[in-house]
Amino acid sequence: MAAYIFKRLAQTIIVLWGVSFVTFILMNVVPGDPVLLMMEKRATPEAIARIRHEMGLDKPLYTQYFNFVKGALRFDLGRSYFTKEAVMTALTRRFGVTLRLASSAYVIALVLGISAGVVSALQRGRAFDSAVRGGAVIGISAPVFWVAIILQLIFGLRLKWFPISGIRSPHSFVLPAVALGIRYMASIARVTRTSMLEVIHQDYIRTARSKGLGERAVVLGHALKNALIPIITLAGTELGNLLAGSMLTEWVFAIPGIGKMMVDSILMRDLPMLQGTVLYVAAIFVLSNLVVDISYAFIDPRIRYSKED
Amino acid sequence: MTPPSPMQNLNPNINPSLVSNPVSDPVSNPTPILRVRNLVTNFRTSAGVQRAVDGVSFDVARGETLGIVGESGCGKSVTALSIMRLVDSPGVVEGGEVLYDGVDILKLPMAQMRRIRGNKIAMIFQEPMTSLNPVLTVGTQISEVLRLHEGLGKKEALDKAVEMLSKVHIPMPEKRVRAYPHQMSGGMRQRVMIAMALCCKPDVLICDEPTTALDVTIQAQILSLIQEMKNSTGAAVIMITHDLGVISEIADRVAVMYTGHIIEEGSKMDVLTDPLHPYTEGLLNAAPRIDRDCEELEVIPGAVPNLAALPKGCHFRPRCRRAMEICRTSPEKTCLGEKGGRSVSCWKFAERAKHAKHEGKGERT
């Protein structure tokens, strides 16, 4: 198991290197010059050249990239062209905000999604089941920014229950978390329903009933644990999606998280900041996949033992 | 005081006068622990109503093994599941009584029924490979029953589970109790199922083809284990099988089922050596025998009819060599009986049965 995790972590480094390389190339290929964006229109060519030199942008591209990699290996991702803040510091600070948002959304999605899916499977063909299935289709197909705006309109402006932007109070996270979590909730509900329906007709469920267990014990103790495997696959990848896919939500609700940082740095051609956020996204994806693979083993003993053998 | 015509007497597969006569019980246990009366279970599908169990009645006493034998689809397993009230939709138990210790458990509220399941009436299933939960250790699965019905704590229940595993002859029970089902062979898993079913010392053990999925040497071991456990706990055993070998090995009495009816019932010796119903006769002739030299096994011509489109009259009539005119016209198979706890549903024995009915009519309820 340890060897397996080590191998996967080594792969992670290769993935991160590849991602940083592609980002670096793309940012230097697309039009737009950070120095020009930074300077006022009347700046002299000499001033521009001086700034360029100070920022190391006059060096050949391969030297620039080499310096970046050298820094990255020491966890130094450089400084923002504009705020001069160290990228690592900005990432750490903003990660806290994104983590709060994503984890709230995650909890909402998991708790409501799994409960809705389980009840829907047990009530198959009845009104609640149809409602969950219909709701899930809407939840999956509705664009995040649209959901976000609708939530702002209804619960922020009309009912005035929650603030529509910023992070001043814990209250402020409610609408963004719902907006971000809704589609994951919908897909988790669907997978849970399908998986439960499959499990509930297995022989061992009949055995559990024949032992005299109540419905609760049968569903929670015997069925759900078996149904969890596809749910975990989804939930794991969704955690990555939530942590790395909150740009639209953060943008609409003006939340200073990593998603917003990424969009800002693209607009400003702030290469070090962008590199930082892209590496963050890549790392989150690779790590969440690793966590999923490891967690299978804890749920399903058959996987645990086959890996040891 | 004429005997009732078959028309008035709906679905009585067993002549009541014979069943209620204690002298006719070969095991001579006067009070059966489980009595099934006119059990009807239907499957309402889009293809029509299928009467999977159609008026089945039988008794089974403590320490007795009743074998229920028949082809696939004759309603053996559904009978067992109906007794446990575990029939899955679209199947519904629509009639009859299942009297456990005098109480009709079909009418009990679910909460009380659950106190009987796994505790007083336990069941072993056909597929040991899929009947145990793959993500729970066998210890957890056994101790769960003990914690539920005996109110044992986690530790005590697990100790008792180890004890049960050693009772069913699983080597190294202390170690095996922590194993998962996939780490065990089919025979081992069936032993675990038996341990699980018997850990609360049930009065009735229903075995639904417990050996069908196992290879022959393991089959013999499992059968002798069931026999051993029955002797030590004194449980009544209902052994459902399609294998006449299993019946001859383990049963005291035999009921033969065809299209949801019990068509013949009697002691093992009587049924196996002197079958009355042409279907039972056909089954026995179709079984390979070591004492007879033959090129080809005999077969019963035709196939089991579709339960949603049963033939008129006797359901076996289209396949029967001895079919008479009356078998075609009679709307219901009539139930006829003989002495000695034997009963058979066949017009061939109509005359003999009339005598029996005259003799026993005073006791009829």
# chains A, B, ... in the order shown; residues from 1 in each chain; ligands from 1
call {"tool": "interface_residues", "arguments": {"of": "chain A", "to": "chain B", "cutoff": "12 Å", "atoms": "only C-alpha atoms", "output": "MDAnalysis selection string"}}
result
chainID A and resid 124 199:215 217:218 221:229 296:306
call {"tool": "select_by_dssp", "arguments": {"residues": "segment 75-290 of chain B", "states": "alpha helix (DSSP H)", "output": "PyMOL selection string"}}
result
chain B and resi 76-84+110-116+128-131+138-149+154-167+173-176+186-198+216-233+244-250+268-273+278-286
call {"tool": "closest_residue", "arguments": {"among": "A:Met247, A:Ala43, A:Asp270, A:Leu287", "to": "Asn28 of chain A", "atoms": "only C-alpha atoms"}}
result
A:Asp270
call {"tool": "residues_around", "arguments": {"residues": "Ile250 of chain B", "least_positions_apart": "5", "cutoff": "10 Å", "atoms": "only C-alpha atoms", "output": "ChimeraX atom specification"}}
result
/B:64-67,223-224,226-227,237,239,245,268
call {"tool": "write_last_selection", "arguments": {"atoms": "N, CA and C atoms", "output": "PDB file, in the first residue's frame"}}
result
ATOM      1  N   GLU B  64     -38.604 -32.999  13.200  1.00  0.00           N
ATOM      2  CA  GLU B  64     -38.985 -33.686  11.968  1.00  0.00           C
ATOM      3  C   GLU B  64     -38.404 -32.940  10.773  1.00  0.00           C
ATOM      4  N   THR B  65     -38.063 -33.664   9.726  1.00  0.00           N
ATOM      5  CA  THR B  65     -37.611 -33.024   8.504  1.00  0.00           C
ATOM      6  C   THR B  65     -38.620 -33.299   7.400  1.00  0.00           C
ATOM      7  N   LEU B  66     -39.187 -32.226   6.887  1.00  0.00           N
ATOM      8  CA  LEU B  66     -40.110 -32.362   5.774  1.00  0.00           C
ATOM      9  C   LEU B  66     -39.366 -31.961   4.505  1.00  0.00           C
ATOM     10  N   GLY B  67     -39.313 -32.868   3.557  1.00  0.00           N
ATOM     11  CA  GLY B  67     -38.695 -32.527   2.285  1.00  0.00           C
ATOM     12  C   GLY B  67     -39.751 -32.043   1.319  1.00  0.00           C
ATOM     13  N   LEU B 223     -25.191 -31.615   4.276  1.00  0.00           N
ATOM     14  CA  LEU B 223     -26.405 -32.332   4.683  1.00  0.00           C
ATOM     15  C   LEU B 223     -26.228 -32.974   6.052  1.00  0.00           C
ATOM     16  N   SER B 224     -25.061 -33.593   6.268  1.00  0.00           N
ATOM     17  CA  SER B 224     -24.894 -34.255   7.567  1.00  0.00           C
ATOM     18  C   SER B 224     -24.769 -33.201   8.664  1.00  0.00           C
ATOM     19  N   ILE B 226     -26.453 -30.334   8.669  1.00  0.00           N
ATOM     20  CA  ILE B 226     -27.824 -29.910   8.955  1.00  0.00           C
ATOM     21  C   ILE B 226     -28.509 -30.948   9.834  1.00  0.00           C
ATOM     22  N   GLN B 227     -28.274 -32.224   9.498  1.00  0.00           N
ATOM     23  CA  GLN B 227     -28.856 -33.311  10.283  1.00  0.00           C
ATOM     24  C   GLN B 227     -28.367 -33.246  11.732  1.00  0.00           C
ATOM     25  N   VAL B 237     -37.279 -29.082  10.454  1.00  0.00           N
ATOM     26  CA  VAL B 237     -36.558 -28.662   9.256  1.00  0.00           C
ATOM     27  C   VAL B 237     -37.460 -28.818   8.038  1.00  0.00           C
ATOM     28  N   MET B 239     -36.881 -28.938   4.208  1.00  0.00           N
ATOM     29  CA  MET B 239     -35.781 -29.041   3.247  1.00  0.00           C
ATOM     30  C   MET B 239     -36.349 -28.953   1.841  1.00  0.00           C
ATOM     31  N   GLY B 245     -32.058 -37.361  -4.212  1.00  0.00           N
ATOM     32  CA  GLY B 245     -30.989 -37.913  -3.379  1.00  0.00           C
ATOM     33  C   GLY B 245     -30.951 -37.225  -2.025  1.00  0.00           C
ATOM     34  N   LYS B 268     -41.189 -40.680   3.835  1.00  0.00           N
ATOM     35  CA  LYS B 268     -40.165 -40.819   2.807  1.00  0.00           C
ATOM     36  C   LYS B 268     -40.204 -42.205   2.168  1.00  0.00           C
TER      37      LYS B 268
END
call {"tool": "residues_around", "arguments": {"residues": "Phe316 of chain B", "least_positions_apart": "4", "cutoff": "8 Å", "atoms": "only C-alpha atoms", "output": "compact mmCIF listing (two decimals) with C-alpha atoms, in the first residue's frame"}}
result
# COMPACT_ATOMS: atom_id res chain seq x y z
CA TYR B 258 -46.23 -29.32 -9.06
CA TYR B 279 -45.78 -37.19 -11.58
CA CYS B 320 -49.70 -37.71 -17.79
call {"tool": "residues_around", "arguments": {"residues": "Ala161 of chain B", "least_positions_apart": "3", "cutoff": "12 Å", "atoms": "only C-alpha atoms", "output": "number ranges by chain"}}
result
B: 137-147, 152-158, 164-168, 170, 173-178, 192-200
call {"tool": "residues_around", "arguments": {"residues": "Phe155 of chain A", "least_positions_apart": "3", "cutoff": "12 Å", "atoms": "only C-alpha atoms", "output": "JSON, numbers by chain"}}
result
{"A": [147, 148, 149, 150, 151, 152, 158, 159, 160, 161, 162, 163, 164, 171, 172, 174, 175, 176, 178, 179]}
call {"tool": "write_last_selection", "arguments": {"atoms": "C-alpha atoms", "output": "mmCIF file, in the first residue's frame"}}
result
data_model
loop_
_atom_site.group_PDB
_atom_site.id
_atom_site.type_symbol
_atom_site.label_atom_id
_atom_site.label_comp_id
_atom_site.auth_asym_id
_atom_site.auth_seq_id
_atom_site.Cartn_x
_atom_site.Cartn_y
_atom_site.Cartn_z
ATOM 1 C CA VAL A 147 -28.354 29.126 -10.530
ATOM 2 C CA ALA A 148 -26.169 31.613 -8.644
ATOM 3 C CA ILE A 149 -28.001 34.612 -10.064
ATOM 4 C CA ILE A 150 -31.427 33.075 -9.415
ATOM 5 C CA LEU A 151 -30.441 32.386 -5.808
ATOM 6 C CA GLN A 152 -29.207 35.966 -5.433
ATOM 7 C CA ARG A 158 -36.390 39.506 -2.656
ATOM 8 C CA LEU A 159 -36.394 37.669 0.688
ATOM 9 C CA LYS A 160 -33.224 39.344 2.040
ATOM 10 C CA TRP A 161 -32.285 36.195 3.957
ATOM 11 C CA PHE A 162 -28.645 36.078 2.900
ATOM 12 C CA PRO A 163 -26.071 38.596 1.621
ATOM 13 C CA ILE A 164 -25.441 38.351 -2.103
ATOM 14 C CA HIS A 171 -24.049 33.680 6.462
ATOM 15 C CA SER A 172 -22.446 34.880 3.242
ATOM 16 C CA VAL A 174 -24.838 29.903 2.263
ATOM 17 C CA LEU A 175 -25.939 31.020 -1.202
ATOM 18 C CA PRO A 176 -22.567 30.369 -2.897
ATOM 19 C CA VAL A 178 -25.799 26.006 -2.482
ATOM 20 C CA ALA A 179 -25.097 27.365 -5.966
#
call {"tool": "residues_around", "arguments": {"residues": "Met39 of chain A", "least_positions_apart": "2", "cutoff": "12 Å", "atoms": "only C-alpha atoms", "output": "NGL selection string"}}
result
:A and (33-37 or 41-52 or 81-82 or 268)
call {"tool": "atom_distance", "arguments": {"atom1": "atom CA of Gly125 of chain A", "atom2": "atom CA of Thr194 of chain A"}}
result
12.9 Å
